[in-house]
Each structure stands twice: as structure tokens, then as C-alpha cells.
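Printed here is data37.txt (compact mmCIF, N, CA, C and O atoms):
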# COMPACT_ATOMS: atom_id res chain seq x y z
N MET R 1 17.25 22.54 -1.71
CA MET R 1 16.24 21.79 -0.99
C MET R 1 16.29 20.34 -1.47
O MET R 1 16.37 20.08 -2.67
N PRO R 2 16.20 19.37 -0.54
CA PRO R 2 16.23 17.97 -0.97
C PRO R 2 15.00 17.61 -1.78
O PRO R 2 13.94 18.22 -1.64
N ARG R 3 15.13 16.60 -2.64
CA ARG R 3 14.02 16.17 -3.48
C ARG R 3 12.92 15.52 -2.66
O ARG R 3 11.77 15.54 -3.02
N PHE R 4 13.28 14.87 -1.56
CA PHE R 4 12.29 14.27 -0.68
C PHE R 4 12.89 14.22 0.72
O PHE R 4 14.08 14.39 0.91
N CYS R 5 12.05 14.01 1.69
CA CYS R 5 12.53 13.86 3.05
C CYS R 5 11.79 12.71 3.72
O CYS R 5 10.83 12.18 3.17
N LEU R 6 12.22 12.32 4.89
CA LEU R 6 11.63 11.17 5.56
C LEU R 6 10.18 11.39 5.97
O LEU R 6 9.49 10.44 6.30
N ASP R 7 9.72 12.64 5.93
CA ASP R 7 8.33 12.93 6.27
C ASP R 7 7.40 12.86 5.07
O ASP R 7 6.21 13.06 5.20
N ASP R 8 7.94 12.58 3.88
CA ASP R 8 7.12 12.46 2.67
C ASP R 8 6.47 11.09 2.60
O ASP R 8 6.99 10.11 3.12
N THR R 9 5.34 11.04 1.93
CA THR R 9 4.71 9.76 1.60
C THR R 9 5.07 9.48 0.15
O THR R 9 4.89 10.34 -0.72
N ILE R 10 5.60 8.29 -0.12
CA ILE R 10 6.06 7.96 -1.46
C ILE R 10 5.46 6.63 -1.93
O ILE R 10 5.08 5.79 -1.12
N ALA R 11 5.37 6.48 -3.23
CA ALA R 11 5.04 5.20 -3.86
C ALA R 11 6.17 4.91 -4.83
O ALA R 11 6.59 5.79 -5.58
N ALA R 12 6.70 3.68 -4.78
CA ALA R 12 7.83 3.34 -5.64
C ALA R 12 7.71 1.89 -6.09
O ALA R 12 7.32 1.02 -5.31
N LEU R 13 8.06 1.64 -7.35
CA LEU R 13 8.10 0.27 -7.85
C LEU R 13 9.22 -0.49 -7.16
O LEU R 13 10.33 0.03 -7.03
N SER R 14 8.93 -1.70 -6.74
CA SER R 14 9.95 -2.56 -6.15
C SER R 14 10.30 -3.72 -7.05
O SER R 14 11.12 -4.56 -6.70
N THR R 15 9.66 -3.81 -8.20
CA THR R 15 9.96 -4.85 -9.19
C THR R 15 10.43 -4.16 -10.46
O THR R 15 10.08 -3.01 -10.72
N PRO R 16 11.23 -4.85 -11.27
CA PRO R 16 11.73 -4.22 -12.49
C PRO R 16 10.61 -3.99 -13.49
O PRO R 16 9.62 -4.73 -13.50
N PRO R 17 10.75 -2.97 -14.34
CA PRO R 17 9.74 -2.76 -15.37
C PRO R 17 9.74 -3.90 -16.38
O PRO R 17 10.73 -4.59 -16.53
N GLY R 18 8.61 -4.08 -17.02
CA GLY R 18 8.49 -5.12 -18.03
C GLY R 18 7.35 -6.06 -17.71
O GLY R 18 6.57 -5.83 -16.78
N VAL R 19 7.23 -7.11 -18.49
CA VAL R 19 6.16 -8.08 -18.33
C VAL R 19 6.54 -9.05 -17.21
O VAL R 19 7.66 -9.54 -17.16
N GLY R 20 5.60 -9.30 -16.32
CA GLY R 20 5.85 -10.23 -15.23
C GLY R 20 4.55 -10.70 -14.63
O GLY R 20 3.48 -10.15 -14.89
N GLY R 21 4.64 -11.72 -13.81
CA GLY R 21 3.46 -12.29 -13.18
C GLY R 21 2.96 -11.49 -12.00
O GLY R 21 1.80 -11.58 -11.63
N ILE R 22 3.84 -10.69 -11.41
CA ILE R 22 3.45 -9.92 -10.24
C ILE R 22 4.28 -8.64 -10.20
O ILE R 22 5.42 -8.61 -10.65
N GLY R 23 3.69 -7.60 -9.70
CA GLY R 23 4.39 -6.35 -9.51
C GLY R 23 4.27 -5.94 -8.05
O GLY R 23 3.27 -6.20 -7.41
N ILE R 24 5.30 -5.32 -7.54
CA ILE R 24 5.28 -4.87 -6.15
C ILE R 24 5.46 -3.36 -6.14
O ILE R 24 6.39 -2.82 -6.74
N VAL R 25 4.57 -2.68 -5.44
CA VAL R 25 4.65 -1.24 -5.25
C VAL R 25 4.77 -1.00 -3.75
O VAL R 25 3.98 -1.52 -2.96
N ARG R 26 5.77 -0.24 -3.36
CA ARG R 26 5.96 0.10 -1.96
C ARG R 26 5.39 1.48 -1.71
O ARG R 26 5.72 2.43 -2.40
N LEU R 27 4.53 1.56 -0.74
CA LEU R 27 3.93 2.83 -0.31
C LEU R 27 4.45 3.07 1.09
O LEU R 27 4.29 2.22 1.97
N SER R 28 5.09 4.21 1.31
CA SER R 28 5.77 4.44 2.57
C SER R 28 5.58 5.89 3.01
O SER R 28 5.47 6.78 2.18
N GLY R 29 5.57 6.10 4.31
CA GLY R 29 5.50 7.45 4.85
C GLY R 29 4.28 7.64 5.72
O GLY R 29 3.46 6.73 5.90
N PRO R 30 4.14 8.84 6.27
CA PRO R 30 3.09 9.10 7.25
C PRO R 30 1.66 8.96 6.73
O PRO R 30 0.75 8.65 7.50
N ASP R 31 1.45 9.17 5.44
CA ASP R 31 0.09 9.06 4.89
C ASP R 31 -0.13 7.74 4.14
O ASP R 31 -1.14 7.59 3.45
N ALA R 32 0.79 6.78 4.27
CA ALA R 32 0.67 5.52 3.54
C ALA R 32 -0.61 4.77 3.90
O ALA R 32 -1.31 4.29 3.01
N LEU R 33 -0.93 4.66 5.18
CA LEU R 33 -2.13 3.92 5.56
C LEU R 33 -3.40 4.63 5.09
O LEU R 33 -4.28 3.97 4.52
N PRO R 34 -3.55 5.94 5.25
CA PRO R 34 -4.75 6.60 4.70
C PRO R 34 -4.87 6.44 3.18
O PRO R 34 -5.97 6.26 2.66
N VAL R 35 -3.75 6.50 2.46
CA VAL R 35 -3.79 6.29 1.01
C VAL R 35 -4.23 4.87 0.69
O VAL R 35 -5.09 4.64 -0.15
N ALA R 36 -3.64 3.89 1.40
CA ALA R 36 -4.02 2.49 1.17
C ALA R 36 -5.50 2.28 1.46
O ALA R 36 -6.19 1.59 0.70
N ARG R 37 -6.01 2.86 2.52
CA ARG R 37 -7.43 2.70 2.85
C ARG R 37 -8.34 3.32 1.80
O ARG R 37 -9.46 2.88 1.60
N ARG R 38 -7.84 4.35 1.13
CA ARG R 38 -8.64 5.01 0.09
C ARG R 38 -8.67 4.19 -1.20
O ARG R 38 -9.67 4.19 -1.93
N LEU R 39 -7.57 3.49 -1.49
CA LEU R 39 -7.43 2.78 -2.75
C LEU R 39 -7.68 1.28 -2.67
O LEU R 39 -7.93 0.65 -3.69
N PHE R 40 -7.59 0.70 -1.48
CA PHE R 40 -7.66 -0.75 -1.31
C PHE R 40 -8.98 -1.16 -0.66
O PHE R 40 -9.39 -0.59 0.34
N VAL R 41 -9.63 -2.15 -1.28
CA VAL R 41 -10.86 -2.71 -0.72
C VAL R 41 -10.61 -4.20 -0.48
O VAL R 41 -10.38 -4.96 -1.43
N PRO R 42 -10.64 -4.64 0.79
CA PRO R 42 -10.46 -6.07 1.06
C PRO R 42 -11.58 -6.89 0.41
O PRO R 42 -12.73 -6.44 0.35
N ALA R 43 -11.24 -8.08 -0.07
CA ALA R 43 -12.26 -8.96 -0.66
C ALA R 43 -13.33 -9.28 0.37
O ALA R 43 -14.52 -9.31 0.05
N ASN R 44 -12.92 -9.52 1.59
CA ASN R 44 -13.85 -9.70 2.70
C ASN R 44 -13.93 -8.36 3.41
O ASN R 44 -13.02 -7.99 4.17
N ARG R 45 -14.97 -7.61 3.17
CA ARG R 45 -15.07 -6.25 3.70
C ARG R 45 -15.15 -6.18 5.22
O ARG R 45 -15.05 -5.11 5.79
N GLN R 46 -15.32 -7.33 5.85
CA GLN R 46 -15.35 -7.35 7.32
C GLN R 46 -13.94 -7.44 7.91
O GLN R 46 -13.77 -7.32 9.11
N VAL R 47 -12.94 -7.65 7.06
CA VAL R 47 -11.56 -7.76 7.52
C VAL R 47 -10.97 -6.36 7.67
O VAL R 47 -11.02 -5.56 6.74
N ALA R 48 -10.39 -6.10 8.83
CA ALA R 48 -9.69 -4.83 9.05
C ALA R 48 -8.23 -5.01 8.69
O ALA R 48 -7.67 -6.10 8.85
N LEU R 49 -7.59 -3.95 8.21
CA LEU R 49 -6.16 -4.02 7.94
C LEU R 49 -5.44 -4.15 9.27
O LEU R 49 -5.64 -3.36 10.19
N THR R 50 -4.61 -5.18 9.36
CA THR R 50 -3.87 -5.48 10.57
C THR R 50 -2.39 -5.44 10.24
O THR R 50 -1.99 -6.00 9.21
N PRO R 51 -1.56 -4.81 11.07
CA PRO R 51 -0.13 -4.76 10.77
C PRO R 51 0.48 -6.14 10.57
O PRO R 51 0.13 -7.09 11.28
N HIS R 52 1.36 -6.24 9.57
CA HIS R 52 2.16 -7.43 9.29
C HIS R 52 1.31 -8.64 8.89
O HIS R 52 1.71 -9.77 9.10
N THR R 53 0.13 -8.38 8.32
CA THR R 53 -0.78 -9.43 7.89
C THR R 53 -1.13 -9.22 6.42
O THR R 53 -1.52 -8.13 6.02
N LEU R 54 -1.00 -10.27 5.62
CA LEU R 54 -1.31 -10.21 4.20
C LEU R 54 -2.83 -10.21 4.02
O LEU R 54 -3.52 -11.06 4.59
N THR R 55 -3.35 -9.24 3.26
CA THR R 55 -4.79 -9.12 3.03
C THR R 55 -5.06 -9.11 1.53
O THR R 55 -4.46 -8.33 0.80
N TYR R 56 -5.97 -9.97 1.08
CA TYR R 56 -6.35 -10.06 -0.33
C TYR R 56 -7.49 -9.07 -0.61
O TYR R 56 -8.40 -8.92 0.19
N GLY R 57 -7.40 -8.41 -1.76
CA GLY R 57 -8.47 -7.50 -2.15
C GLY R 57 -8.21 -6.88 -3.51
O GLY R 57 -7.56 -7.49 -4.36
N HIS R 58 -8.69 -5.65 -3.68
CA HIS R 58 -8.58 -4.97 -4.97
C HIS R 58 -8.19 -3.51 -4.78
O HIS R 58 -8.59 -2.88 -3.80
N ILE R 59 -7.43 -3.01 -5.74
CA ILE R 59 -7.19 -1.57 -5.85
C ILE R 59 -8.34 -1.03 -6.68
O ILE R 59 -8.70 -1.60 -7.71
N VAL R 60 -8.95 0.05 -6.19
CA VAL R 60 -10.10 0.63 -6.88
C VAL R 60 -9.85 2.10 -7.17
O VAL R 60 -9.05 2.76 -6.51
N ASP R 61 -10.56 2.60 -8.16
CA ASP R 61 -10.57 4.03 -8.45
C ASP R 61 -11.43 4.67 -7.38
O ASP R 61 -12.63 4.35 -7.27
N PRO R 62 -10.87 5.56 -6.54
CA PRO R 62 -11.66 6.11 -5.44
C PRO R 62 -12.85 6.96 -5.88
O PRO R 62 -13.82 7.09 -5.15
N SER R 63 -12.81 7.50 -7.11
CA SER R 63 -13.93 8.33 -7.56
C SER R 63 -15.10 7.50 -8.08
O SER R 63 -16.26 7.91 -7.96
N SER R 64 -14.81 6.32 -8.65
CA SER R 64 -15.89 5.52 -9.24
C SER R 64 -16.11 4.18 -8.53
O SER R 64 -17.15 3.56 -8.71
N GLY R 65 -15.11 3.73 -7.77
CA GLY R 65 -15.21 2.42 -7.15
C GLY R 65 -14.86 1.28 -8.10
O GLY R 65 -14.91 0.12 -7.72
N GLU R 66 -14.48 1.62 -9.34
CA GLU R 66 -14.15 0.61 -10.34
C GLU R 66 -12.89 -0.15 -9.93
O GLU R 66 -11.89 0.46 -9.52
N ARG R 67 -12.93 -1.48 -10.04
CA ARG R 67 -11.76 -2.30 -9.75
C ARG R 67 -10.68 -2.08 -10.79
O ARG R 67 -10.94 -2.15 -11.99
N ILE R 68 -9.47 -1.85 -10.33
CA ILE R 68 -8.35 -1.65 -11.23
C ILE R 68 -7.48 -2.90 -11.29
O ILE R 68 -7.04 -3.30 -12.35
N ASP R 69 -7.24 -3.52 -10.14
CA ASP R 69 -6.39 -4.70 -10.12
C ASP R 69 -6.64 -5.52 -8.86
O ASP R 69 -7.14 -5.01 -7.85
N GLU R 70 -6.29 -6.79 -8.95
CA GLU R 70 -6.37 -7.72 -7.84
C GLU R 70 -5.01 -7.68 -7.12
O GLU R 70 -3.97 -7.74 -7.77
N VAL R 71 -5.03 -7.52 -5.78
CA VAL R 71 -3.77 -7.31 -5.07
C VAL R 71 -3.74 -8.04 -3.73
O VAL R 71 -4.77 -8.47 -3.20
N LEU R 72 -2.53 -8.15 -3.21
CA LEU R 72 -2.28 -8.55 -1.83
C LEU R 72 -1.62 -7.36 -1.17
O LEU R 72 -0.66 -6.80 -1.70
N LEU R 73 -2.12 -6.96 -0.01
CA LEU R 73 -1.60 -5.79 0.68
C LEU R 73 -1.07 -6.21 2.05
O LEU R 73 -1.69 -7.00 2.75
N VAL R 74 0.10 -5.68 2.38
CA VAL R 74 0.66 -5.87 3.72
C VAL R 74 0.94 -4.49 4.28
O VAL R 74 1.67 -3.70 3.67
N TRP R 75 0.38 -4.20 5.42
CA TRP R 75 0.65 -2.94 6.12
C TRP R 75 1.73 -3.23 7.15
O TRP R 75 1.54 -4.01 8.07
N MET R 76 2.89 -2.61 6.95
CA MET R 76 4.01 -2.77 7.87
C MET R 76 4.05 -1.52 8.75
O MET R 76 4.51 -0.47 8.34
N ALA R 77 3.52 -1.64 9.94
CA ALA R 77 3.41 -0.50 10.84
C ALA R 77 4.79 -0.08 11.36
O ALA R 77 5.60 -0.91 11.73
N ALA R 78 5.02 1.23 11.35
CA ALA R 78 6.26 1.78 11.92
C ALA R 78 6.28 1.45 13.41
O ALA R 78 5.24 1.36 14.03
N THR R 79 7.30 1.22 13.95
CA THR R 79 8.70 1.21 13.54
C THR R 79 9.20 -0.21 13.36
O THR R 79 10.40 -0.43 13.29
N SER R 80 8.30 -1.13 13.20
CA SER R 80 8.66 -2.55 13.05
C SER R 80 8.92 -2.92 11.59
O SER R 80 8.39 -3.89 11.07
N THR R 81 9.74 -2.11 10.93
CA THR R 81 10.09 -2.35 9.52
C THR R 81 11.59 -2.12 9.34
O THR R 81 12.25 -1.53 10.19
N TYR R 82 12.08 -2.57 8.19
CA TYR R 82 13.50 -2.39 7.89
C TYR R 82 13.88 -0.92 7.86
O TYR R 82 14.92 -0.53 8.38
N THR R 83 13.03 -0.07 7.28
CA THR R 83 13.33 1.36 7.18
C THR R 83 12.90 2.14 8.41
O THR R 83 13.19 3.30 8.54
N ARG R 84 12.13 1.51 9.29
CA ARG R 84 11.58 2.10 10.52
C ARG R 84 10.53 3.16 10.23
O ARG R 84 10.13 3.89 11.11
N GLN R 85 10.06 3.24 8.97
CA GLN R 85 9.00 4.20 8.62
C GLN R 85 7.65 3.58 8.90
O GLN R 85 7.42 2.42 8.76
Kindly return the structure encoded in the file as C-alpha cells.
Amino acid sequence: MPRFCLDDTIAALSTPPGVGGIGIVRLSGPDALPVARRLFVPANRQVALTPHTLTYGHIVDPSSGERIDEVLLVWMAATSTYTRQ
């Protein structure tokens, strides 16, 4: 059985490990948007996530609402992406 398939939702580091000014995490697959909506809170709560638009906000712990990190999120809607996911 393959380790993963195109129907899986994955999170993967896109930047090398170590100390840096910014880190990039790629979230991809059919449940990527629901996961992002659960973990990401836009700084302006009136802003809706729009495909191919950079949105400033925070990653939060979904159980407590505690802010974990300050982030920029881009939702790349399928099939208008390099991977077509």
C-alpha cells in the first residue's frame, strides 16, 4: 500500500529546518481548507478567505483559542495551482 495518495490531506515544511525569519508550511489536499479554517483566525475577522489572496492573521489552538503564531495564509484553490490539488 502506498504511504500516501493524492486524496490525502498533508502538511509539509517548505523551508529548511533551523533558525530563520520565516517558515513556510504547505497544507494540501481535500481537507486543507477545513483544517485552515479551524486553525487560522484572520486579524480582521470580517475578512473571508479568498482564493489566491494573502490574508494576515494567527494560528490558534482550536481547543483554547490561544494564539500560537502570527502568519500569512494563502488559499490556493484547486485546480489553479502547480500541483492542481
message: Would you pick out the contacts of segment 52-64 of chain R at 9 Å or less, using only C-alpha atoms, so that residues sharing its chain but fewer than 2 positions from it are not included, and give the list as a PyMOL selection string?
response: chain R and resi 36+38-45+47-50+66-77+80
field: Interatomic distance, atom N of Gly65 of chain R to atom CA of Pro34 of chain R (Å, one decimal)
entry: 16.5 Å
field: For atom N of Leu33 of chain R and atom CA of Asp8 of chain R, the interatomic separation in Å (one decimal)
entry: 11.5 Å
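Atom to atom, atom N of Ser28 of chain R and atom N of Ala12 of chain R stand 6.3 Å apart.
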task: Determine which residues of chain R DSSP labels as alpha helix (DSSP H) from the backbone of this structure, then write them out as a list in words.
output: Ala32, Leu33, Pro34, Val35, Ala36, Arg37, Arg38 and Leu39 of chain R
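Near Val25 of chain R, within 5 Å and counting only N, CA, C and O atoms, sit Ala12, Leu13, Ser14, Gly23 and Leu27 of chain R, not including residues fewer than 2 positions from it in the same chain.
Each of R:Gln46, R:Thr79, R:Arg26, R:Asp31 was checked against Ile10 of chain R using only N, CA, C and O atoms; the smallest atom-to-atom distance is that of R:Arg26.
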Could you write out as AutoDock Vina command-line options the box around segment 44-59 of chain R (axis-aligned, all atoms listed in the file, 8 Å on each side), with centre and edge lengths in Å to one decimal?
--center_x -6.6 --center_y -6.0 --center_z 1.8 --size_x 33.5 --size_y 26.0 --size_z 35.0
message: Considering only strand (DSSP E) as DSSP defines it on the backbone, what residues of chain R qualify? List them as a ChimeraX atom specification.
response: /R:10-13,25-28,40-42,54-60,67-74
